[in-house]
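S.K.: So that you have it, the file is my_file.txt, and it contains compact mmCIF, C-alpha atoms and all ligand atoms:
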# COMPACT_ATOMS: atom_id res chain seq x y z
CA MET A 1 0.00 0.00 0.00
CA THR A 2 1.51 3.31 -1.13
CA THR A 3 0.74 6.25 1.13
CA THR A 4 0.88 9.82 -0.17
CA LEU A 5 1.27 12.82 2.12
CA LEU A 6 -0.10 16.13 0.84
CA ASP A 7 1.27 18.79 3.14
CA ASN A 8 1.88 22.49 3.51
CA ILE A 9 -1.86 23.10 2.99
CA GLY A 10 -2.47 26.72 4.01
CA GLN A 11 -6.20 26.16 4.49
CA LEU A 12 -7.93 22.81 4.47
CA VAL A 13 -11.71 22.71 4.02
CA THR A 14 -12.96 19.35 5.30
CA CYS A 15 -16.76 19.90 5.42
CA ASP A 16 -16.50 17.90 8.65
CA PRO A 17 -17.76 20.17 11.45
CA SER A 18 -16.16 17.93 14.09
CA VAL A 19 -12.68 19.13 13.17
CA GLY A 20 -10.90 22.46 12.95
CA ASP A 21 -12.89 25.60 13.63
CA GLY A 22 -16.13 23.70 14.22
CA SER A 23 -17.95 25.51 11.41
CA PRO A 24 -19.85 23.53 8.75
CA LEU A 25 -16.71 23.80 6.58
CA GLY A 26 -14.49 22.31 9.31
CA LEU A 27 -11.53 24.60 8.50
CA LEU A 28 -7.96 23.68 9.44
CA GLY A 29 -4.90 25.88 8.90
CA ASP A 30 -1.37 24.54 8.23
CA ALA A 31 -2.75 21.11 7.50
CA ALA A 32 -1.78 17.86 5.82
CA ILE A 33 -3.64 14.86 4.41
CA VAL A 34 -2.48 11.30 3.91
CA VAL A 35 -4.20 9.24 1.21
CA ALA A 36 -3.87 5.57 0.34
CA GLU A 37 -5.81 3.18 -1.88
CA GLY A 38 -8.15 5.95 -3.00
CA ARG A 39 -9.17 7.00 0.49
CA VAL A 40 -8.21 9.62 3.04
CA VAL A 41 -6.41 7.79 5.85
CA TRP A 42 -5.34 10.73 8.00
CA LEU A 43 -5.66 14.50 8.16
CA GLY A 44 -4.59 17.08 10.70
CA PRO A 45 -1.90 19.66 11.51
CA VAL A 46 1.29 19.49 9.43
CA ARG A 47 3.41 19.17 12.59
CA SER A 48 1.81 15.85 13.53
CA ALA A 49 1.61 14.35 10.04
CA PRO A 50 2.81 10.74 9.81
CA ALA A 51 5.52 9.64 7.40
CA ALA A 52 4.41 8.50 3.93
CA ASP A 53 5.92 6.91 0.83
CA VAL A 54 5.30 9.93 -1.38
CA HIS A 55 5.38 13.57 -0.33
CA VAL A 56 3.66 16.43 -2.18
CA ASP A 57 4.22 20.02 -1.00
CA LEU A 58 1.15 22.13 -1.79
CA GLY A 59 2.96 25.40 -1.13
CA GLY A 60 0.46 26.93 1.28
CA ARG A 61 -2.48 26.60 -1.12
CA THR A 62 -6.07 25.81 -0.17
CA VAL A 63 -7.54 22.31 -0.42
CA VAL A 64 -11.28 21.66 -0.63
CA PRO A 65 -13.25 18.44 -1.13
CA GLY A 66 -13.69 17.69 -4.83
CA PHE A 67 -16.81 19.41 -6.11
CA VAL A 68 -19.91 17.22 -6.45
CA ASP A 69 -21.96 18.20 -9.49
CA SER A 70 -25.26 16.50 -8.73
CA HIS A 71 -27.15 17.66 -11.83
CA ALA A 72 -25.81 17.50 -15.39
CA HIS A 73 -27.04 16.47 -18.82
CA LEU A 74 -23.84 15.46 -20.60
CA VAL A 75 -24.99 12.88 -23.15
CA PHE A 76 -26.03 14.82 -26.25
CA ALA A 77 -24.82 15.87 -29.68
CA GLY A 78 -24.62 19.30 -31.29
CA ASP A 79 -25.05 22.59 -29.53
CA ARG A 80 -27.57 25.42 -29.37
CA ALA A 81 -25.37 28.47 -29.69
CA GLY A 82 -27.84 29.97 -32.15
CA GLU A 83 -30.70 29.57 -29.68
CA PHE A 84 -28.55 31.19 -26.98
CA ALA A 85 -27.75 34.14 -29.23
CA ALA A 86 -31.44 34.53 -30.07
CA ARG A 87 -32.35 34.43 -26.39
CA MET A 88 -29.76 37.07 -25.59
CA SER A 89 -31.43 39.11 -28.34
CA GLY A 90 -34.74 38.88 -26.49
CA ALA A 91 -36.34 35.50 -27.29
CA ALA A 92 -37.82 33.61 -24.32
CA TYR A 93 -36.54 30.26 -23.00
CA THR A 94 -39.01 27.38 -23.14
CA ALA A 95 -38.58 23.65 -22.57
CA GLY A 96 -39.28 23.14 -26.32
CA GLY A 97 -35.71 23.88 -27.47
CA ILE A 98 -34.76 20.44 -26.17
CA ALA A 99 -36.25 18.98 -29.39
CA SER A 100 -33.35 20.14 -31.52
CA THR A 101 -30.84 18.43 -29.24
CA VAL A 102 -32.99 15.29 -29.39
CA ARG A 103 -32.71 15.26 -33.19
CA ASP A 104 -28.92 15.64 -33.07
CA THR A 105 -28.54 13.04 -30.32
CA ARG A 106 -30.58 10.41 -32.15
CA ALA A 107 -28.41 10.95 -35.24
CA ALA A 108 -25.11 10.56 -33.36
CA SER A 109 -23.19 7.32 -32.90
CA ASP A 110 -22.49 5.88 -29.47
CA ASP A 111 -18.83 6.81 -29.90
CA GLU A 112 -19.73 10.41 -30.69
CA LEU A 113 -21.99 10.62 -27.66
CA GLU A 114 -19.33 9.12 -25.41
CA ALA A 115 -16.59 11.39 -26.74
CA GLY A 116 -18.74 14.48 -26.15
CA ALA A 117 -19.69 13.48 -22.61
CA ALA A 118 -16.11 12.46 -21.76
CA ARG A 119 -14.85 15.85 -22.92
CA LEU A 120 -17.25 17.57 -20.50
CA VAL A 121 -16.21 15.25 -17.66
CA ARG A 122 -12.58 16.23 -18.36
CA GLU A 123 -13.54 19.91 -18.24
CA MET A 124 -15.21 19.26 -14.92
CA LEU A 125 -12.17 17.49 -13.50
CA ALA A 126 -10.00 20.44 -14.56
CA SER A 127 -12.25 22.76 -12.57
CA GLY A 128 -12.21 20.56 -9.47
CA THR A 129 -15.31 18.41 -9.95
CA THR A 130 -14.65 14.81 -8.97
CA THR A 131 -18.20 13.42 -9.01
CA VAL A 132 -20.85 14.16 -11.59
CA GLU A 133 -24.40 12.92 -11.98
CA ILE A 134 -25.30 12.36 -15.65
CA LYS A 135 -28.84 12.15 -16.98
CA SER A 136 -30.30 10.72 -20.14
CA GLY A 137 -33.15 12.67 -21.71
CA TYR A 138 -32.07 13.61 -25.23
CA GLY A 139 -32.84 10.24 -26.79
CA LEU A 140 -36.52 9.83 -25.91
CA THR A 141 -36.82 6.47 -27.65
CA VAL A 142 -36.23 3.12 -25.96
CA LEU A 143 -33.01 2.60 -27.89
CA ASP A 144 -31.68 6.15 -27.61
CA GLU A 145 -32.38 6.49 -23.90
CA ALA A 146 -30.79 3.10 -23.19
CA ARG A 147 -27.64 3.89 -25.16
CA SER A 148 -27.44 7.35 -23.56
CA LEU A 149 -27.46 5.71 -20.15
CA ALA A 150 -24.96 3.08 -21.22
CA VAL A 151 -22.62 5.93 -22.20
CA ALA A 152 -23.28 7.72 -18.89
CA SER A 153 -22.62 4.55 -16.90
CA ARG A 154 -19.12 4.30 -18.39
CA LEU A 155 -18.34 7.77 -17.00
CA THR A 156 -20.00 7.86 -13.57
CA PRO A 157 -21.89 5.64 -11.12
CA GLU A 158 -24.41 8.48 -10.64
CA THR A 159 -26.63 7.87 -13.66
CA THR A 160 -30.19 9.12 -14.00
CA TYR A 161 -32.98 7.93 -16.26
CA LEU A 162 -34.76 11.02 -17.61
CA GLY A 163 -36.96 9.60 -20.33
CA ALA A 164 -39.53 12.08 -18.99
CA HIS A 165 -37.52 15.13 -20.06
CA VAL A 166 -40.04 16.37 -22.64
CA VAL A 167 -42.68 14.65 -24.77
CA PRO A 168 -41.00 14.05 -28.13
CA ALA A 169 -42.62 15.45 -31.26
CA GLU A 170 -43.85 12.06 -32.49
CA TYR A 171 -46.02 11.72 -29.36
CA ALA A 172 -47.34 15.30 -29.40
CA THR A 173 -50.89 14.14 -30.02
CA ASP A 174 -50.77 11.22 -27.58
CA ARG A 175 -48.72 12.16 -24.56
CA ASP A 176 -50.37 9.46 -22.44
CA ALA A 177 -48.84 6.85 -24.71
CA TYR A 178 -45.41 8.41 -24.19
CA VAL A 179 -45.80 8.41 -20.41
CA ARG A 180 -46.77 4.74 -20.60
CA LEU A 181 -43.69 4.01 -22.68
CA VAL A 182 -41.41 5.85 -20.24
CA ALA A 183 -42.92 3.88 -17.37
CA SER A 184 -42.68 0.48 -19.10
CA ASP A 185 -40.48 -0.62 -22.04
CA MET A 186 -38.14 2.38 -21.92
CA LEU A 187 -37.69 1.94 -18.18
CA ASP A 188 -36.96 -1.77 -18.64
CA ALA A 189 -34.22 -0.95 -21.16
CA CYS A 190 -32.70 1.82 -19.05
CA ALA A 191 -32.93 0.53 -15.49
CA PRO A 192 -29.82 -1.70 -15.77
CA TYR A 193 -27.70 1.42 -16.39
CA ALA A 194 -29.40 3.84 -13.99
CA ARG A 195 -29.24 4.58 -10.27
CA TRP A 196 -31.87 7.35 -10.33
CA VAL A 197 -35.19 8.18 -11.99
CA ASP A 198 -36.06 11.81 -12.72
CA VAL A 199 -38.92 13.76 -14.32
CA PHE A 200 -38.97 17.33 -15.63
CA CYS A 201 -42.14 18.39 -13.80
CA ASP A 202 -42.79 21.90 -15.09
CA ARG A 203 -44.73 23.98 -17.60
CA GLY A 204 -44.24 22.54 -21.09
CA ALA A 205 -42.90 19.23 -19.75
CA PHE A 206 -44.81 16.84 -17.43
CA ASP A 207 -47.58 17.46 -14.89
CA ALA A 208 -47.76 16.04 -11.38
CA ASP A 209 -49.84 12.98 -12.27
CA GLU A 210 -47.50 12.07 -15.12
CA ALA A 211 -44.48 12.59 -12.88
CA ARG A 212 -46.01 10.42 -10.18
CA THR A 213 -46.62 7.62 -12.69
CA VAL A 214 -43.02 7.65 -13.94
CA ILE A 215 -41.44 7.93 -10.51
CA ALA A 216 -43.61 5.12 -9.14
CA ALA A 217 -42.60 2.85 -12.01
CA GLY A 218 -38.93 3.74 -11.53
CA THR A 219 -38.90 3.16 -7.80
CA ALA A 220 -40.68 -0.17 -8.34
CA ARG A 221 -37.66 -1.10 -10.46
CA GLY A 222 -35.29 -0.13 -7.66
CA LEU A 223 -34.32 3.33 -8.94
CA LEU A 224 -34.11 6.23 -6.51
CA PRO A 225 -36.25 9.33 -7.15
CA ARG A 226 -35.20 12.91 -7.91
CA LEU A 227 -37.15 15.62 -9.73
CA HIS A 228 -36.78 18.77 -11.79
CA GLY A 229 -39.32 21.20 -10.35
CA ASN A 230 -40.35 24.84 -10.16
CA GLN A 231 -37.87 26.12 -12.73
CA LEU A 232 -40.26 27.93 -15.04
CA GLU A 233 -43.13 28.65 -12.66
CA ALA A 234 -44.44 27.82 -9.18
CA GLY A 235 -45.93 24.37 -9.70
CA PRO A 236 -46.37 21.01 -8.01
CA GLY A 237 -42.78 19.72 -8.44
CA VAL A 238 -41.30 20.61 -5.08
CA ARG A 239 -44.15 19.30 -2.96
CA LEU A 240 -44.39 16.19 -5.11
CA ALA A 241 -40.67 15.54 -4.61
CA VAL A 242 -41.09 15.79 -0.85
CA GLU A 243 -44.17 13.57 -0.94
CA LEU A 244 -42.27 10.94 -2.94
CA GLY A 245 -39.22 11.10 -0.67
CA ALA A 246 -36.95 12.29 -3.48
CA ALA A 247 -33.30 12.76 -2.58
CA SER A 248 -33.36 16.12 -4.35
CA VAL A 249 -35.62 18.52 -6.18
CA ASP A 250 -33.73 20.61 -8.65
CA HIS A 251 -34.11 24.24 -9.77
CA CYS A 252 -36.52 25.51 -7.04
CA THR A 253 -36.57 28.90 -8.72
CA HIS A 254 -40.24 29.77 -8.18
CA LEU A 255 -41.39 28.77 -4.71
CA VAL A 256 -44.43 29.56 -2.59
CA ASP A 257 -44.27 29.41 1.22
CA ALA A 258 -45.80 25.92 1.24
CA ASP A 259 -42.91 24.67 -0.92
CA VAL A 260 -40.32 26.07 1.47
CA ASP A 261 -42.19 24.64 4.45
CA ALA A 262 -42.39 21.22 2.80
CA LEU A 263 -38.66 21.20 2.05
CA ALA A 264 -37.79 22.38 5.55
CA GLY A 265 -39.74 19.50 7.07
CA SER A 266 -38.12 16.89 4.84
CA SER A 267 -34.77 15.36 3.97
CA THR A 268 -35.15 16.37 0.31
CA VAL A 269 -32.28 18.58 -0.83
CA ALA A 270 -33.05 21.75 -2.82
CA THR A 271 -30.51 21.74 -5.66
CA LEU A 272 -30.07 25.19 -7.15
CA LEU A 273 -28.71 25.61 -10.67
CA PRO A 274 -27.60 29.22 -11.09
CA GLY A 275 -26.04 28.49 -14.49
CA ALA A 276 -29.57 28.04 -15.84
CA GLU A 277 -30.78 31.44 -14.66
CA PHE A 278 -27.50 33.01 -15.77
CA SER A 279 -27.78 31.53 -19.26
CA THR A 280 -31.49 32.20 -19.70
CA ARG A 281 -31.31 35.68 -18.16
CA ALA A 282 -33.96 34.65 -15.65
CA ALA A 283 -34.59 35.54 -12.00
CA TYR A 284 -32.44 33.48 -9.60
CA PRO A 285 -33.77 31.18 -6.88
CA ASP A 286 -33.65 32.67 -3.40
CA ALA A 287 -31.09 30.51 -1.63
CA ARG A 288 -31.19 32.74 1.46
CA ARG A 289 -34.88 32.04 2.00
CA LEU A 290 -34.27 28.29 1.80
CA ILE A 291 -31.22 28.25 4.05
CA ASP A 292 -32.86 30.47 6.64
CA ALA A 293 -35.81 28.05 6.69
CA GLY A 294 -33.44 25.15 7.42
CA VAL A 295 -33.49 23.55 3.97
CA THR A 296 -30.38 21.66 2.80
CA VAL A 297 -29.15 23.38 -0.36
CA ALA A 298 -26.87 22.03 -3.10
CA ILE A 299 -25.45 23.87 -6.11
CA ALA A 300 -24.87 22.10 -9.43
CA THR A 301 -24.13 23.18 -12.99
CA ASP A 302 -27.15 21.73 -14.88
CA CYS A 303 -24.57 21.44 -17.68
CA ASN A 304 -26.60 21.03 -20.89
CA PRO A 305 -26.46 22.54 -24.37
CA GLY A 306 -29.68 24.54 -24.07
CA SER A 307 -30.08 26.38 -20.81
CA SER A 308 -26.72 26.13 -19.00
CA TYR A 309 -23.72 25.16 -21.08
CA THR A 310 -21.13 25.50 -18.34
CA SER A 311 -19.26 22.61 -16.77
CA ASN A 312 -17.64 24.92 -14.23
CA LEU A 313 -19.00 24.51 -10.71
CA PRO A 314 -16.72 27.21 -9.20
CA PHE A 315 -18.32 29.67 -11.61
CA CYS A 316 -21.80 28.61 -10.44
CA LEU A 317 -20.64 28.96 -6.84
CA ALA A 318 -19.56 32.54 -7.52
CA VAL A 319 -22.92 33.36 -9.13
CA ALA A 320 -24.72 31.84 -6.14
CA VAL A 321 -22.81 34.14 -3.82
CA ARG A 322 -23.27 37.21 -5.97
CA ASP A 323 -26.91 36.75 -6.99
CA MET A 324 -28.54 34.21 -4.67
CA ARG A 325 -27.52 35.75 -1.35
CA MET A 326 -25.35 32.84 -0.24
CA THR A 327 -22.18 33.39 1.76
CA PRO A 328 -18.94 32.04 0.25
CA ALA A 329 -18.94 29.37 2.96
CA GLU A 330 -22.52 28.30 2.25
CA ALA A 331 -21.90 28.13 -1.48
CA LEU A 332 -18.77 26.00 -1.09
CA TRP A 333 -20.61 23.66 1.27
CA ALA A 334 -23.51 23.45 -1.21
CA ALA A 335 -21.15 22.54 -4.08
CA THR A 336 -19.44 19.78 -2.06
CA ALA A 337 -21.27 18.32 0.94
CA GLY A 338 -24.61 19.60 -0.40
CA GLY A 339 -24.12 17.83 -3.71
CA ALA A 340 -23.16 14.67 -1.85
CA ALA A 341 -26.38 14.90 0.18
CA ALA A 342 -28.36 15.31 -3.04
CA LEU A 343 -26.83 12.01 -4.21
CA LEU A 344 -27.26 10.27 -0.83
CA ARG A 345 -23.48 9.87 -0.56
CA ASP A 346 -21.41 10.25 2.60
CA ASP A 347 -18.05 9.23 1.11
CA ILE A 348 -17.65 12.32 -1.10
CA GLY A 349 -18.03 16.08 -0.56
CA VAL A 350 -16.14 15.69 2.70
CA LEU A 351 -12.52 15.03 3.70
CA ARG A 352 -12.12 12.76 6.69
CA PRO A 353 -10.53 9.36 7.25
CA GLY A 354 -12.45 6.80 5.22
CA ALA A 355 -13.82 9.28 2.69
CA ARG A 356 -12.74 9.10 -0.92
CA ALA A 357 -9.52 10.96 -1.60
CA ASP A 358 -11.23 13.37 -3.99
CA LEU A 359 -10.03 16.94 -3.60
CA ALA A 360 -9.26 20.17 -5.42
CA VAL A 361 -6.19 22.32 -4.83
CA ILE A 362 -7.04 26.04 -5.04
CA ASP A 363 -4.19 28.39 -5.91
CA ALA A 364 -5.26 30.95 -3.31
CA PRO A 365 -4.83 31.51 0.43
CA SER A 366 -8.48 30.73 1.25
CA TYR A 367 -11.61 29.20 -0.21
CA VAL A 368 -13.25 32.64 -0.28
CA HIS A 369 -11.27 33.35 -3.44
CA LEU A 370 -13.51 30.88 -5.31
CA ALA A 371 -16.32 33.47 -5.17
CA TYR A 372 -14.14 36.56 -4.78
CA ARG A 373 -12.30 35.90 -8.06
CA PRO A 374 -15.08 34.72 -10.39
CA GLY A 375 -14.08 33.17 -13.68
CA VAL A 376 -10.42 32.82 -12.69
CA PRO A 377 -9.15 29.23 -13.04
CA LEU A 378 -7.91 28.90 -9.47
CA VAL A 379 -8.14 25.09 -9.36
CA CYS A 380 -4.56 24.09 -10.10
CA ALA A 381 -4.84 20.35 -9.38
CA THR A 382 -7.61 17.83 -8.89
CA TRP A 383 -7.12 14.52 -7.12
CA LYS A 384 -9.64 11.75 -7.67
CA ASP A 385 -9.49 8.42 -5.84
CA GLY A 386 -6.14 9.47 -4.40
CA VAL A 387 -4.51 10.08 -7.78
CA ARG A 388 -3.78 13.42 -9.39
CA ALA A 389 -6.11 13.69 -12.40
ZN ZN B 1 -31.75 19.53 -15.67
Could you show the structure in this file as structure tokens?

M.R.:
Amino acid sequence: MTTTLLDNIGQLVTCDPSVGDGSPLGLLGDAAIVVAEGRVVWLGPVRSAPAADVHVDLGGRTVVPGFVDSHAHLVFAGDRAGEFAARMSGAAYTAGGIASTVRDTRAASDDELEAGAARLVREMLASGTTTVEIKSGYGLTVLDEARSLAVASRLTPETTYLGAHVVPAEYATDRDAYVRLVASDMLDACAPYARWVDVFCDRGAFDADEARTVIAAGTARGLLPRLHGNQLEAGPGVRLAVELGAASVDHCTHLVDADVDALAGSSTVATLLPGAEFSTRAAYPDARRLIDAGVTVAIATDCNPGSSYTSNLPFCLAVAVRDMRMTPAEALWAATAGGAAALLRDDIGVLRPGARADLAVIDAPSYVHLAYRPGVPLVCATWKDGVRA
């Protein structure tokens, strides 16, 4: 067993409140970490660090848990730069633009889909993201959803079946038949590659009854529920997610008090996706309202070619601080431990003995610089499973 000592860490963010300053970020100064066999085996002050086989001097930089991007749509072909330009010229965003990506995705080979998704995963690693959830949802046929998930499953264990992304054009006059397909044959083909089942429950996508049907079929097949809800308008998504015991409900942009109350009384994480509001020039979700109510909040990229084509979680973190009234500490927690909670994981998003040795090295004296210096590529190294990526 080779042990590696990472030392001379100026500031170590553990997200373990039982160590360091006792805050939710569990901050330690002048720290070191020892990793072996993909796991953290020790962390603490440099002066008491044990000997190790390999020694890496981090030069006083900051170390944070690897970012956990708990919401991304990476399996697709083509892009929608023209739609983005039109939107920035005043056109409105609707869920309907997904149809053009569906056409391109169906026409692409498996190799093309995998190459595109792998490129985005590499971008994510370069910006400090060590875990990403990847959804299907641009195939919308039995074959195309199944091969999308097969591609996703080669890149991450956090795969999500999103056959219920939108109703494809060929089912426009018989949406009930499409919901039945998503809940039966398409599910059967996709379930072997998926951990999660998701529905886009919003205006222009699926209503509460349709979402309930799909989620019930997915959970009967052993998949775990999560939902897209309340992105485009205040609707039933959030309360449905809580009712169904979803690990996370994602977007949460338009909330009424009953939504906030339901989340606060549940273990469902509110995953906020500021890249979507940024890229659609829409009003941001109110993270402050959720946090003050006691809701667990995560931040993810929603990386997709239509409404949020960024793979950069530090950028989203900076937007969350600037425009969603989060503190830098809350936003970092939401992009690490919060994302882990949204994926029901306790081995990532945190640095403590036994956790995965997934971490990002920030070329700055404190984590605050992640929000304070938006757009600057401060992540100078990413370690995944104890190996520098
Ligand atoms: Zn999404």

S.K.: Can I get the residues close to ligand ZN 1 (chain B) as a PyMOL selection string, where close means within 9 Å and we count all atoms listed in the file?

M.R.: chain A and resi 71-73+135+165+200+227-228+250-251+273+276+301-304+307-308

S.K.: For A:Ser127, find every residue with an atom within 9 Å (counting only C-alpha atoms), except residues of its own chain fewer than 5 positions away, and show them as an mmCIF file with C-alpha atoms, keeping the file's coordinate frame.

M.R.:
data_model
loop_
_atom_site.group_PDB
_atom_site.id
_atom_site.type_symbol
_atom_site.label_atom_id
_atom_site.label_comp_id
_atom_site.auth_asym_id
_atom_site.auth_seq_id
_atom_site.Cartn_x
_atom_site.Cartn_y
_atom_site.Cartn_z
ATOM 1 C CA PHE A 67 -16.810 19.410 -6.110
ATOM 2 C CA ARG A 122 -12.580 16.230 -18.360
ATOM 3 C CA SER A 311 -19.260 22.610 -16.770
ATOM 4 C CA ASN A 312 -17.640 24.920 -14.230
ATOM 5 C CA LEU A 313 -19.000 24.510 -10.710
ATOM 6 C CA PRO A 314 -16.720 27.210 -9.200
ATOM 7 C CA ALA A 360 -9.260 20.170 -5.420
ATOM 8 C CA PRO A 377 -9.150 29.230 -13.040
ATOM 9 C CA LEU A 378 -7.910 28.900 -9.470
ATOM 10 C CA VAL A 379 -8.140 25.090 -9.360
ATOM 11 C CA CYS A 380 -4.560 24.090 -10.100
ATOM 12 C CA ALA A 381 -4.840 20.350 -9.380
ATOM 13 C CA THR A 382 -7.610 17.830 -8.890
#

S.K.: Just give me the gap between atom CA of A:Gly375 and atom CA of A:Glu277 in Å, one decimal is fine.

M.R.: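 These atoms are spaced 16.8 Å apart.
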
S.K.: Between A:Tyr161, A:Phe206, A:Tyr284, A:Phe315, which is the closest to A:His369 once you count only C-alpha atoms?

M.R.: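 Checking each candidate against A:His369, we get A:Phe315 as the closest.
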
S.K.: List the neighbours of A:Leu25 out to 6 Å using all atoms listed in the file; skip same-chain residues closer than 6 positions along the sequence, and give me the result as a PDB file with C-alpha atoms, keeping the file's coordinate frame.

M.R.:
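Result saved to selection-v6.pdb:
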ATOM      1  CA  VAL A  13     -11.710  22.710   4.020  1.00  0.00           C
ATOM      2  CA  THR A  14     -12.960  19.350   5.300  1.00  0.00           C
ATOM      3  CA  CYS A  15     -16.760  19.900   5.420  1.00  0.00           C
TER       4      CYS A  15
END
